[in-house]
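Participant: Following this message is one structure expressed as structure tokens.
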Amino acid sequence: QVHLVESGGASVQAGGSLRLSCAASGRTGDYDYVVAWFRQSPGKEREFVAYLNWNDRNDRYYVDSVKGRFTISRDNVKNTVYLQMDSLKPEDTAVYYCAATPLLSTSVAYLRATSYAFWGQGTQVTVSS
């Protein structure tokens with residue numbers, strides 16, 4: 001079992017920045033993991049934002065709408081994954097969730113919320129215009 005706890009959500013003005021954190025604990029050493037960020041707005045489906053392969057810093061991917069603005073990274077010592085969000089827009093407003101899965105056979109599977117077995121409780125990000 002892997003336990004994930006998000007933090008860092010807040011209310012900011014458009015153009016501002018936030019850094020979300022996802023602290024992992026539990027049986028994180030049992031497998032190689034991919035950690036992802038998803039977001040969900042009221043009335044919408046949960047949307048993929050970015051993922052990172054914990055053991056391969058070059059294996060990361062972003063949804064087009066956040067490329068160039070968001071950066072996913074990890075701190076091995078702190079067992080934490082970050083999502084640095086810059087140039088925030090009102091459409092970035094959502095609850096942001098951290099999720100983890102052992103490695104899967106195809107990269108496209110990491111874009112689907114159903115591929116992830118472990119989830120955090122979410123953190124609210126609100127961007128006002």
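As shown in the structure tokens, the chain order sets the letters A, B, ...; within each chain, residues go from 1, and ligands are also counted from 1 in the order they appear.
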List the neighbours of Asp56 (chain A) out to 10 Å using only C-alpha atoms; skip same-chain residues closer than 6 positions along the sequence, and give me the result as number ranges by chain.

Facilitator: A: 32-34

Participant: Do you know which residues are at most 6 Å from Leu83 (chain A) counting only C-alpha atoms, after dropping those on the same chain fewer than 5 positions away, and could you put them as a ChimeraX atom specification?

Facilitator: /A:19-20,71-72

Participant: Just checking: using only C-alpha atoms, which residue out of A:Thr80, A:Asn55, A:Thr28, A:Thr126 ends up closest to Val5 (chain A)?

Facilitator: A:Thr80

Participant: Select from chain A everything DSSP, run on the backbone, classes as strand (DSSP E or B), then give the selection as a ChimeraX atom specification.

Facilitator: /A:2-7,11-13,18-26,33-40,47-53,56-62,70-75,80-85,94-102,118-119,123-128

Participant: Give me, as a list in words, all polymer residues having an atom no more than 10 Å from Trp119 (chain A), counting only C-alpha atoms and skipping those fewer than 2 positions away in the same chain.

Facilitator: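 Listed by chain and then number, they are Val2, His3, Leu4, Val5, Glu6, Val35, Ala36, Trp37, Phe38, Tyr97, Cys98, Ala99, Ala100, Thr101, Ala113, Tyr116, Ala117, Gln121 and Gly122 of chain A.
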
Participant: Any chance you could export the current selection's all heavy atoms as a short mmCIF file (atom, residue, chain, number, x, y, z; two decimals), in the first residue's frame?

Facilitator:
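What ended up in out15.cif:
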```cif
data_model
loop_
_atom_site.label_atom_id
_atom_site.label_comp_id
_atom_site.auth_asym_id
_atom_site.auth_seq_id
_atom_site.Cartn_x
_atom_site.Cartn_y
_atom_site.Cartn_z
N VAL A 2 0.53 2.21 -0.84
CA VAL A 2 1.24 3.48 -0.92
C VAL A 2 0.27 4.57 -0.48
O VAL A 2 -0.86 4.64 -0.95
CB VAL A 2 1.73 3.75 -2.35
CG1 VAL A 2 2.33 5.15 -2.45
CG2 VAL A 2 2.77 2.71 -2.77
N HIS A 3 0.74 5.42 0.41
CA HIS A 3 -0.08 6.51 0.93
C HIS A 3 0.43 7.83 0.37
O HIS A 3 1.63 8.11 0.44
CB HIS A 3 -0.01 6.53 2.45
CG HIS A 3 -0.93 7.50 3.10
ND1 HIS A 3 -2.28 7.54 2.85
CD2 HIS A 3 -0.70 8.49 3.99
CE1 HIS A 3 -2.84 8.49 3.56
NE2 HIS A 3 -1.90 9.10 4.26
N LEU A 4 -0.48 8.63 -0.22
CA LEU A 4 -0.10 9.90 -0.85
C LEU A 4 -0.83 11.05 -0.17
O LEU A 4 -2.05 10.96 0.06
CB LEU A 4 -0.47 9.87 -2.34
CG LEU A 4 0.11 8.73 -3.17
CD1 LEU A 4 -0.49 8.73 -4.57
CD2 LEU A 4 1.62 8.84 -3.24
N VAL A 5 -0.11 12.11 0.09
CA VAL A 5 -0.70 13.30 0.70
C VAL A 5 -0.28 14.53 -0.08
O VAL A 5 0.92 14.83 -0.18
CB VAL A 5 -0.27 13.44 2.17
CG1 VAL A 5 -0.87 14.71 2.78
CG2 VAL A 5 -0.68 12.22 2.98
N GLU A 6 -1.27 15.24 -0.64
CA GLU A 6 -1.00 16.46 -1.39
C GLU A 6 -1.05 17.67 -0.47
O GLU A 6 -1.76 17.67 0.54
CB GLU A 6 -2.01 16.68 -2.52
CG GLU A 6 -2.12 15.55 -3.52
CD GLU A 6 -3.29 14.65 -3.21
OE1 GLU A 6 -3.65 14.51 -2.03
OE2 GLU A 6 -3.86 14.07 -4.16
N VAL A 35 4.35 8.41 -10.96
CA VAL A 35 3.51 9.30 -10.18
C VAL A 35 2.95 10.37 -11.10
O VAL A 35 3.68 10.93 -11.93
CB VAL A 35 4.30 9.95 -9.03
CG1 VAL A 35 3.40 10.88 -8.22
CG2 VAL A 35 4.89 8.87 -8.12
N ALA A 36 1.68 10.63 -10.98
CA ALA A 36 1.01 11.59 -11.87
C ALA A 36 0.20 12.60 -11.08
O ALA A 36 -0.14 12.38 -9.92
CB ALA A 36 0.10 10.85 -12.83
N TRP A 37 -0.08 13.70 -11.75
CA TRP A 37 -1.04 14.68 -11.25
C TRP A 37 -2.24 14.70 -12.18
O TRP A 37 -2.08 14.73 -13.40
CB TRP A 37 -0.42 16.07 -11.20
CG TRP A 37 0.57 16.25 -10.10
CD1 TRP A 37 1.93 16.11 -10.18
CD2 TRP A 37 0.30 16.60 -8.74
NE1 TRP A 37 2.50 16.35 -8.96
CE2 TRP A 37 1.53 16.67 -8.06
CE3 TRP A 37 -0.88 16.89 -8.03
CZ2 TRP A 37 1.62 17.00 -6.70
CZ3 TRP A 37 -0.78 17.21 -6.68
CH2 TRP A 37 0.45 17.26 -6.02
N PHE A 38 -3.42 14.65 -11.59
CA PHE A 38 -4.68 14.82 -12.28
C PHE A 38 -5.40 16.02 -11.66
O PHE A 38 -5.06 16.46 -10.58
CB PHE A 38 -5.56 13.57 -12.13
CG PHE A 38 -5.11 12.41 -12.96
CD1 PHE A 38 -4.04 11.62 -12.55
CD2 PHE A 38 -5.76 12.08 -14.14
CE1 PHE A 38 -3.62 10.55 -13.30
CE2 PHE A 38 -5.35 11.00 -14.90
CZ PHE A 38 -4.28 10.24 -14.48
N TYR A 97 -5.10 16.19 -7.82
CA TYR A 97 -4.87 14.91 -7.16
C TYR A 97 -3.53 14.33 -7.60
O TYR A 97 -3.18 14.38 -8.78
CB TYR A 97 -5.96 13.91 -7.51
CG TYR A 97 -7.34 14.28 -7.05
CD1 TYR A 97 -8.20 15.01 -7.88
CD2 TYR A 97 -7.80 13.89 -5.79
CE1 TYR A 97 -9.47 15.35 -7.46
CE2 TYR A 97 -9.08 14.22 -5.37
CZ TYR A 97 -9.91 14.96 -6.21
OH TYR A 97 -11.17 15.29 -5.78
N CYS A 98 -2.85 13.73 -6.66
CA CYS A 98 -1.65 12.97 -6.93
C CYS A 98 -2.04 11.49 -6.98
O CYS A 98 -2.88 11.04 -6.19
CB CYS A 98 -0.65 13.23 -5.79
SG CYS A 98 0.84 12.28 -5.83
N ALA A 99 -1.41 10.74 -7.91
CA ALA A 99 -1.72 9.32 -8.04
C ALA A 99 -0.45 8.55 -8.37
O ALA A 99 0.50 9.11 -8.93
CB ALA A 99 -2.75 9.12 -9.15
N ALA A 100 -0.44 7.27 -8.02
CA ALA A 100 0.73 6.43 -8.28
C ALA A 100 0.31 5.06 -8.77
O ALA A 100 -0.74 4.54 -8.38
CB ALA A 100 1.58 6.30 -7.01
N THR A 101 1.17 4.50 -9.63
CA THR A 101 0.96 3.16 -10.12
C THR A 101 2.31 2.49 -10.35
O THR A 101 3.27 3.16 -10.72
CB THR A 101 0.16 3.16 -11.43
OG1 THR A 101 0.04 1.80 -11.91
CG2 THR A 101 0.86 3.96 -12.52
N ALA A 113 -6.93 7.82 -15.67
CA ALA A 113 -7.09 7.78 -14.22
C ALA A 113 -7.32 6.36 -13.72
O ALA A 113 -6.88 6.00 -12.62
CB ALA A 113 -8.25 8.68 -13.79
N TYR A 116 -4.43 4.03 -12.22
CA TYR A 116 -3.74 4.33 -10.96
C TYR A 116 -4.45 3.69 -9.76
O TYR A 116 -5.65 3.89 -9.58
CB TYR A 116 -3.62 5.85 -10.77
CG TYR A 116 -2.69 6.45 -11.78
CD1 TYR A 116 -3.13 6.77 -13.06
CD2 TYR A 116 -1.36 6.68 -11.47
CE1 TYR A 116 -2.27 7.29 -14.00
CE2 TYR A 116 -0.48 7.21 -12.40
CZ TYR A 116 -0.95 7.50 -13.68
OH TYR A 116 -0.09 8.03 -14.60
N ALA A 117 -3.66 2.97 -8.96
CA ALA A 117 -4.23 2.27 -7.81
C ALA A 117 -4.23 3.12 -6.55
O ALA A 117 -5.05 2.90 -5.66
CB ALA A 117 -3.42 0.99 -7.55
N GLN A 121 -5.80 12.74 -1.36
CA GLN A 121 -7.13 13.27 -1.05
C GLN A 121 -7.46 14.51 -1.87
O GLN A 121 -8.62 14.94 -1.89
CB GLN A 121 -7.22 13.61 0.45
CG GLN A 121 -6.61 14.95 0.85
CD GLN A 121 -5.09 14.98 0.79
OE1 GLN A 121 -4.43 13.95 0.63
NE2 GLN A 121 -4.52 16.17 0.93
N GLY A 122 -6.48 15.11 -2.53
CA GLY A 122 -6.70 16.28 -3.36
C GLY A 122 -6.39 17.58 -2.65
O GLY A 122 -6.48 17.68 -1.42
#
```

Participant: Compare A:Asn76, A:Thr93, A:Ser17, A:Ser7 by their minimum atom-to-atom distance to Glu47 (chain A), counting only C-alpha atoms, and give me the closest one.

Facilitator: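 Of A:Asn76, A:Thr93, A:Ser17, A:Ser7, the one nearest Glu47 (chain A), counting only C-alpha atoms, is A:Thr93.
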
Participant: What does the structure give for the distance between CA of Asp86 (chain A) and CA of Thr106 (chain A), in Å to one decimal?

Facilitator: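 The value is 29.3 Å.
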
Participant: So, counting only C-alpha atoms, which residue among A:Val127, A:Leu103, A:Ala10, A:Ala24 is closest to Asp59 (chain A)?

Facilitator: A:Leu103

Participant: Please provide as a PyMOL selection string all residues within 12 Å of Lys67 (chain A), with the sequence filter that same-chain residues fewer than 6 positions apart are discarded (counting only C-alpha atoms).

Facilitator: chain A and resi 49-50+60-61+84-88

Participant: Go ahead and write the selection's residues with C-alpha atoms as an mmCIF file, in the first residue's frame.

Facilitator:
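So part.cif came out as:
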```
data_model
loop_
_atom_site.group_PDB
_atom_site.id
_atom_site.type_symbol
_atom_site.label_atom_id
_atom_site.label_comp_id
_atom_site.auth_asym_id
_atom_site.auth_seq_id
_atom_site.Cartn_x
_atom_site.Cartn_y
_atom_site.Cartn_z
ATOM 1 C CA VAL A 49 -2.040 16.830 -16.107
ATOM 2 C CA ALA A 50 1.458 15.296 -15.940
ATOM 3 C CA ARG A 60 7.818 12.601 -18.019
ATOM 4 C CA TYR A 61 4.839 13.864 -19.968
ATOM 5 C CA GLN A 84 5.423 23.678 -10.173
ATOM 6 C CA MET A 85 2.660 25.700 -11.810
ATOM 7 C CA ASP A 86 3.548 29.031 -13.418
ATOM 8 C CA SER A 87 1.547 31.497 -15.514
ATOM 9 C CA LEU A 88 -1.640 30.161 -13.980
#
```

Participant: Using only C-alpha atoms, pick whichever of A:Gly26, A:Pro42, A:Glu91, A:Ser21 has the shortest atom-to-atom distance to Ser73 (chain A).

Facilitator: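 The closest residue to Ser73 (chain A) is A:Ser21.
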
Participant: In Å, with one decimal, what is the gap from CA of Val63 (chain A) to CA of Lys78 (chain A)?

Facilitator: 25.9 Å

Participant: To test your reading of the structure, identify every residue in chain A that backbone DSSP assigns to helix (DSSP H, G or I), and report it as a list of chain:residue names.

Facilitator: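 DSSP on the backbone gives helix (DSSP H, G or I) at A:Asp64, A:Ser65, A:Val66, A:Pro90, A:Glu91, A:Asp92, A:Ser107, A:Val108, A:Ala109, A:Tyr110, A:Leu111, A:Ala113, A:Thr114, A:Ser115.
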
Participant: For N, CA and C atoms, I'd like the residues from the last selection saved as a short mmCIF file (atom, residue, chain, number, x, y, z; two decimals), in the first residue's frame.

Facilitator:
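Output file result.cif is given in full below:
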```cif
data_model
loop_
_atom_site.label_atom_id
_atom_site.label_comp_id
_atom_site.auth_asym_id
_atom_site.auth_seq_id
_atom_site.Cartn_x
_atom_site.Cartn_y
_atom_site.Cartn_z
N ASP A 64 -1.14 18.90 -23.19
CA ASP A 64 -0.77 20.06 -24.01
C ASP A 64 -1.10 21.39 -23.33
N SER A 65 -2.20 21.44 -22.61
CA SER A 65 -2.66 22.71 -22.05
C SER A 65 -1.74 23.27 -20.96
N VAL A 66 -0.83 22.44 -20.43
CA VAL A 66 0.06 22.92 -19.38
C VAL A 66 1.53 22.91 -19.80
N PRO A 90 -7.27 31.09 -15.15
CA PRO A 90 -8.52 30.70 -14.47
C PRO A 90 -8.96 29.27 -14.81
N GLU A 91 -8.68 28.82 -16.03
CA GLU A 91 -9.08 27.46 -16.41
C GLU A 91 -8.25 26.38 -15.73
N ASP A 92 -7.22 26.76 -14.99
CA ASP A 92 -6.47 25.80 -14.20
C ASP A 92 -7.15 25.51 -12.85
N SER A 107 3.04 3.45 -22.26
CA SER A 107 3.02 4.80 -21.69
C SER A 107 1.65 5.45 -21.77
N VAL A 108 0.88 5.13 -22.80
CA VAL A 108 -0.43 5.76 -22.96
C VAL A 108 -1.34 5.44 -21.78
N ALA A 109 -1.10 4.32 -21.12
CA ALA A 109 -1.92 3.96 -19.97
C ALA A 109 -1.77 4.95 -18.82
N TYR A 110 -0.64 5.64 -18.75
CA TYR A 110 -0.43 6.59 -17.66
C TYR A 110 -1.32 7.83 -17.77
N LEU A 111 -1.95 8.00 -18.92
CA LEU A 111 -2.83 9.15 -19.11
C LEU A 111 -4.23 8.90 -18.58
N ALA A 113 -6.93 7.82 -15.67
CA ALA A 113 -7.09 7.78 -14.22
C ALA A 113 -7.32 6.36 -13.72
N THR A 114 -7.96 5.54 -14.54
CA THR A 114 -8.26 4.17 -14.11
C THR A 114 -7.01 3.30 -13.99
N SER A 115 -5.87 3.77 -14.49
CA SER A 115 -4.63 3.00 -14.40
C SER A 115 -3.96 3.11 -13.04
#
```

Participant: Which residues are close to Ala94 (chain A), i.e. within 6 Å by only C-alpha atoms, leaving aside same-chain residues fewer than 2 positions away? Reply as a VMD selection string.

Facilitator: chain A and resid 39 to 41 125

Participant: Keeping C-alpha atoms for every residue in the selection just given, could you write it to a file as a short mmCIF file (atom, residue, chain, number, x, y, z; two decimals), in the first residue's frame?

Facilitator:
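Generated output (part.cif):
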```cif
data_model
loop_
_atom_site.label_atom_id
_atom_site.label_comp_id
_atom_site.auth_asym_id
_atom_site.auth_seq_id
_atom_site.Cartn_x
_atom_site.Cartn_y
_atom_site.Cartn_z
CA ARG A 39 -7.22 17.60 -11.78
CA GLN A 40 -10.97 17.79 -11.61
CA SER A 41 -13.33 20.75 -11.91
CA VAL A 125 -6.29 25.37 -6.64
#
```

Participant: How far is it from CA of Gly29 (chain A) to CA of Val77 (chain A), in Å with one decimal?

Facilitator: 12.8 Å
